[in-house]
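Below you'll find the structure, written out as structure tokens, and then a few comments.
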Amino acid sequence: MPERRILVIDSDAELRAKCTRVFKDEGFQVQDAADSTLARELVAQLDFDYLLCGLEMQDGGGHELIPDLVAEQPQATLILLTAGGAIDDIPDSVKVGAYDALPRSFEAGALLGLIRRAEERLRLRAENR
């Protein structure tokens with residue numbers, strides 16, 4: 001399987017480090033961005049298979065960034081990281097292109113399970129073309 005590339009976008013350094021460890025252990029090539037400015041630069045330069053984006057970031061964050069991510073990387077699977085109260089925002093985010101969402105307090109197994117389901121969805125789509 002070719003190496004999969006993921007971009008982790010969140011202002012929380014601990015959360016980015018946790019995601020980086022989880023994904024590198026699974027063989028992903030990982031980039032991270034602490035703010036939407038750097039995220040926009042990275043998606044303009046590199047192709048990603050997955051985008052993991054926090055909705056609540058210090059620079060305004062995910063809500064404004066989601067349409068840009070989807071437009072720049074339509075092939076990527078976008079997964080949102082939500083804070084407790086942000087769960088109400090998920091339906092609107094899914095409408096503009098997010099695949100799914102996880103709470104910021106996720107367990108590694110839940111994150112990997114979501115990625116595996118997304119990979120299976122992509123595999124099935126490719127088979128049916």
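FYI, nothing fancy with the structure tokens labels: chains A, B, ... in order, residues from 1 per chain, ligands from 1 as they appear.
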
Original post:
Could you write out, as a PyMOL selection string, all the residues of chain A that DSSP marks as strand (DSSP E or B)?
Top reply: chain A and resi 5-9+29-33+50-54+77-82+98-103

For the residues selected in the previous step, produce a file with N, CA, C and O atoms as an mmCIF file, in the first residue's frame.
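Output saved as selection07.cif:
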data_model
loop_
_atom_site.group_PDB
_atom_site.id
_atom_site.type_symbol
_atom_site.label_atom_id
_atom_site.label_comp_id
_atom_site.auth_asym_id
_atom_site.auth_seq_id
_atom_site.Cartn_x
_atom_site.Cartn_y
_atom_site.Cartn_z
ATOM 1 N N ARG A 5 -0.811 10.074 3.355
ATOM 2 C CA ARG A 5 -0.390 11.369 3.900
ATOM 3 C C ARG A 5 -1.576 12.034 4.596
ATOM 4 O O ARG A 5 -2.669 12.093 4.046
ATOM 5 N N ILE A 6 -1.315 12.541 5.808
ATOM 6 C CA ILE A 6 -2.347 13.217 6.587
ATOM 7 C C ILE A 6 -1.831 14.547 7.101
ATOM 8 O O ILE A 6 -0.651 14.674 7.431
ATOM 9 N N LEU A 7 -2.730 15.518 7.142
ATOM 10 C CA LEU A 7 -2.438 16.820 7.731
ATOM 11 C C LEU A 7 -3.298 16.965 8.974
ATOM 12 O O LEU A 7 -4.530 16.848 8.907
ATOM 13 N N VAL A 8 -2.655 17.205 10.113
ATOM 14 C CA VAL A 8 -3.347 17.417 11.389
ATOM 15 C C VAL A 8 -3.329 18.917 11.666
ATOM 16 O O VAL A 8 -2.258 19.519 11.784
ATOM 17 N N ILE A 9 -4.509 19.505 11.776
ATOM 18 C CA ILE A 9 -4.638 20.949 11.963
ATOM 19 C C ILE A 9 -5.332 21.223 13.294
ATOM 20 O O ILE A 9 -6.506 20.895 13.467
ATOM 21 N N GLN A 29 2.486 9.307 6.599
ATOM 22 C CA GLN A 29 3.370 10.460 6.541
ATOM 23 C C GLN A 29 2.540 11.614 7.102
ATOM 24 O O GLN A 29 1.449 11.900 6.590
ATOM 25 N N VAL A 30 3.020 12.262 8.159
ATOM 26 C CA VAL A 30 2.224 13.245 8.889
ATOM 27 C C VAL A 30 2.843 14.630 8.797
ATOM 28 O O VAL A 30 4.037 14.808 9.000
ATOM 29 N N GLN A 31 2.005 15.593 8.489
ATOM 30 C CA GLN A 31 2.340 17.019 8.589
ATOM 31 C C GLN A 31 1.380 17.602 9.611
ATOM 32 O O GLN A 31 0.273 17.070 9.793
ATOM 33 N N ASP A 32 1.782 18.676 10.269
ATOM 34 C CA ASP A 32 0.837 19.321 11.169
ATOM 35 C C ASP A 32 0.902 20.828 11.027
ATOM 36 O O ASP A 32 1.894 21.381 10.558
ATOM 37 N N ALA A 33 -0.200 21.451 11.399
ATOM 38 C CA ALA A 33 -0.320 22.907 11.331
ATOM 39 C C ALA A 33 -1.019 23.390 12.595
ATOM 40 O O ALA A 33 -2.050 22.848 12.978
ATOM 41 N N TYR A 50 -5.816 12.506 3.893
ATOM 42 C CA TYR A 50 -6.692 12.814 5.025
ATOM 43 C C TYR A 50 -6.342 14.172 5.600
ATOM 44 O O TYR A 50 -5.175 14.547 5.654
ATOM 45 N N LEU A 51 -7.380 14.879 6.029
ATOM 46 C CA LEU A 51 -7.221 16.147 6.723
ATOM 47 C C LEU A 51 -7.973 16.018 8.045
ATOM 48 O O LEU A 51 -9.172 15.728 8.049
ATOM 49 N N LEU A 52 -7.273 16.187 9.136
ATOM 50 C CA LEU A 52 -7.867 16.116 10.470
ATOM 51 C C LEU A 52 -7.838 17.534 11.018
ATOM 52 O O LEU A 52 -6.762 18.091 11.243
ATOM 53 N N CYS A 53 -9.004 18.142 11.205
ATOM 54 C CA CYS A 53 -9.071 19.576 11.495
ATOM 55 C C CYS A 53 -9.885 19.869 12.746
ATOM 56 O O CYS A 53 -11.041 19.455 12.853
ATOM 57 N N GLY A 54 -9.281 20.601 13.671
ATOM 58 C CA GLY A 54 -10.006 21.074 14.848
ATOM 59 C C GLY A 54 -10.956 22.193 14.461
ATOM 60 O O GLY A 54 -10.622 23.048 13.637
ATOM 61 N N THR A 77 -10.040 13.014 2.557
ATOM 62 C CA THR A 77 -11.112 12.759 3.508
ATOM 63 C C THR A 77 -10.906 13.695 4.686
ATOM 64 O O THR A 77 -9.867 13.662 5.342
ATOM 65 N N LEU A 78 -11.905 14.524 4.948
ATOM 66 C CA LEU A 78 -11.837 15.519 6.015
ATOM 67 C C LEU A 78 -12.554 14.999 7.261
ATOM 68 O O LEU A 78 -13.728 14.634 7.202
ATOM 69 N N ILE A 79 -11.812 14.973 8.370
ATOM 70 C CA ILE A 79 -12.362 14.545 9.657
ATOM 71 C C ILE A 79 -12.198 15.698 10.632
ATOM 72 O O ILE A 79 -11.125 16.302 10.713
ATOM 73 N N LEU A 80 -13.256 15.996 11.358
ATOM 74 C CA LEU A 80 -13.246 17.122 12.286
ATOM 75 C C LEU A 80 -13.017 16.671 13.716
ATOM 76 O O LEU A 80 -13.478 15.598 14.116
ATOM 77 N N LEU A 81 -12.329 17.508 14.467
ATOM 78 C CA LEU A 81 -12.158 17.308 15.902
ATOM 79 C C LEU A 81 -13.005 18.364 16.602
ATOM 80 O O LEU A 81 -12.819 19.562 16.372
ATOM 81 N N THR A 82 -13.929 17.917 17.432
ATOM 82 C CA THR A 82 -14.875 18.846 18.044
ATOM 83 C C THR A 82 -14.656 18.975 19.541
ATOM 84 O O THR A 82 -14.299 18.014 20.210
ATOM 85 N N ALA A 98 -17.145 17.535 5.098
ATOM 86 C CA ALA A 98 -16.495 16.710 6.114
ATOM 87 C C ALA A 98 -17.059 15.292 6.072
ATOM 88 O O ALA A 98 -18.251 15.093 5.852
ATOM 89 N N TYR A 99 -16.201 14.317 6.269
ATOM 90 C CA TYR A 99 -16.613 12.914 6.273
ATOM 91 C C TYR A 99 -17.259 12.551 7.598
ATOM 92 O O TYR A 99 -18.300 11.901 7.644
ATOM 93 N N ASP A 100 -16.640 12.962 8.699
ATOM 94 C CA ASP A 100 -17.143 12.613 10.027
ATOM 95 C C ASP A 100 -16.432 13.483 11.053
ATOM 96 O O ASP A 100 -15.612 14.326 10.694
ATOM 97 N N ALA A 101 -16.738 13.240 12.328
ATOM 98 C CA ALA A 101 -16.131 14.024 13.407
ATOM 99 C C ALA A 101 -15.867 13.146 14.615
ATOM 100 O O ALA A 101 -16.524 12.122 14.806
ATOM 101 N N LEU A 102 -14.902 13.561 15.384
ATOM 102 C CA LEU A 102 -14.555 12.906 16.644
ATOM 103 C C LEU A 102 -14.433 13.969 17.719
ATOM 104 O O LEU A 102 -14.006 15.090 17.434
ATOM 105 N N PRO A 103 -14.754 13.622 18.974
ATOM 106 C CA PRO A 103 -14.483 14.575 20.054
ATOM 107 C C PRO A 103 -12.972 14.704 20.250
ATOM 108 O O PRO A 103 -12.220 13.759 19.979
#

Subject >> Option closest in space to Gly27 of chain A, from A:Glu3, A:Asp49, A:Asp12, A:Glu41 [counting only C-alpha atoms] >> reply: A:Glu3

**OP:** Considering only C-alpha atoms, return as an MDAnalysis selection string whatever protein or nucleic-acid residues lie within 12 Å of Ala71 of chain A, sequence-local ones (same chain, fewer than 6 positions apart) excluded.
**Re:** chainID A and resid 40 43:44 65 78 96:98

**OP:** Report the residues of chain A whose backbone DSSP state falls under helix (DSSP H, G or I), written as number ranges by chain.
**Re:** A: 13-25, 36-45, 62-72, 84-95, 108-127

**OP:** Between atom CA of Phe48 of chain A and atom CA of Gln73 of chain A, measure the distance and give it in Å to one decimal.
**Re:**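 Result for atom CA of Phe48 of chain A versus atom CA of Gln73 of chain A: 7.2 Å, one decimal.
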
Subject >> All residues 10 Å or closer to Glu72 of chain A, only C-alpha atoms, same chain fewer than 3 positions away omitted, as a ChimeraX atom specification >> reply: /A:40,43-45,47,66-69,75-76

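For the pair atom CA of Val22 of chain A and atom CA of Ala110 of chain A, the interatomic distance is 11.1 Å.
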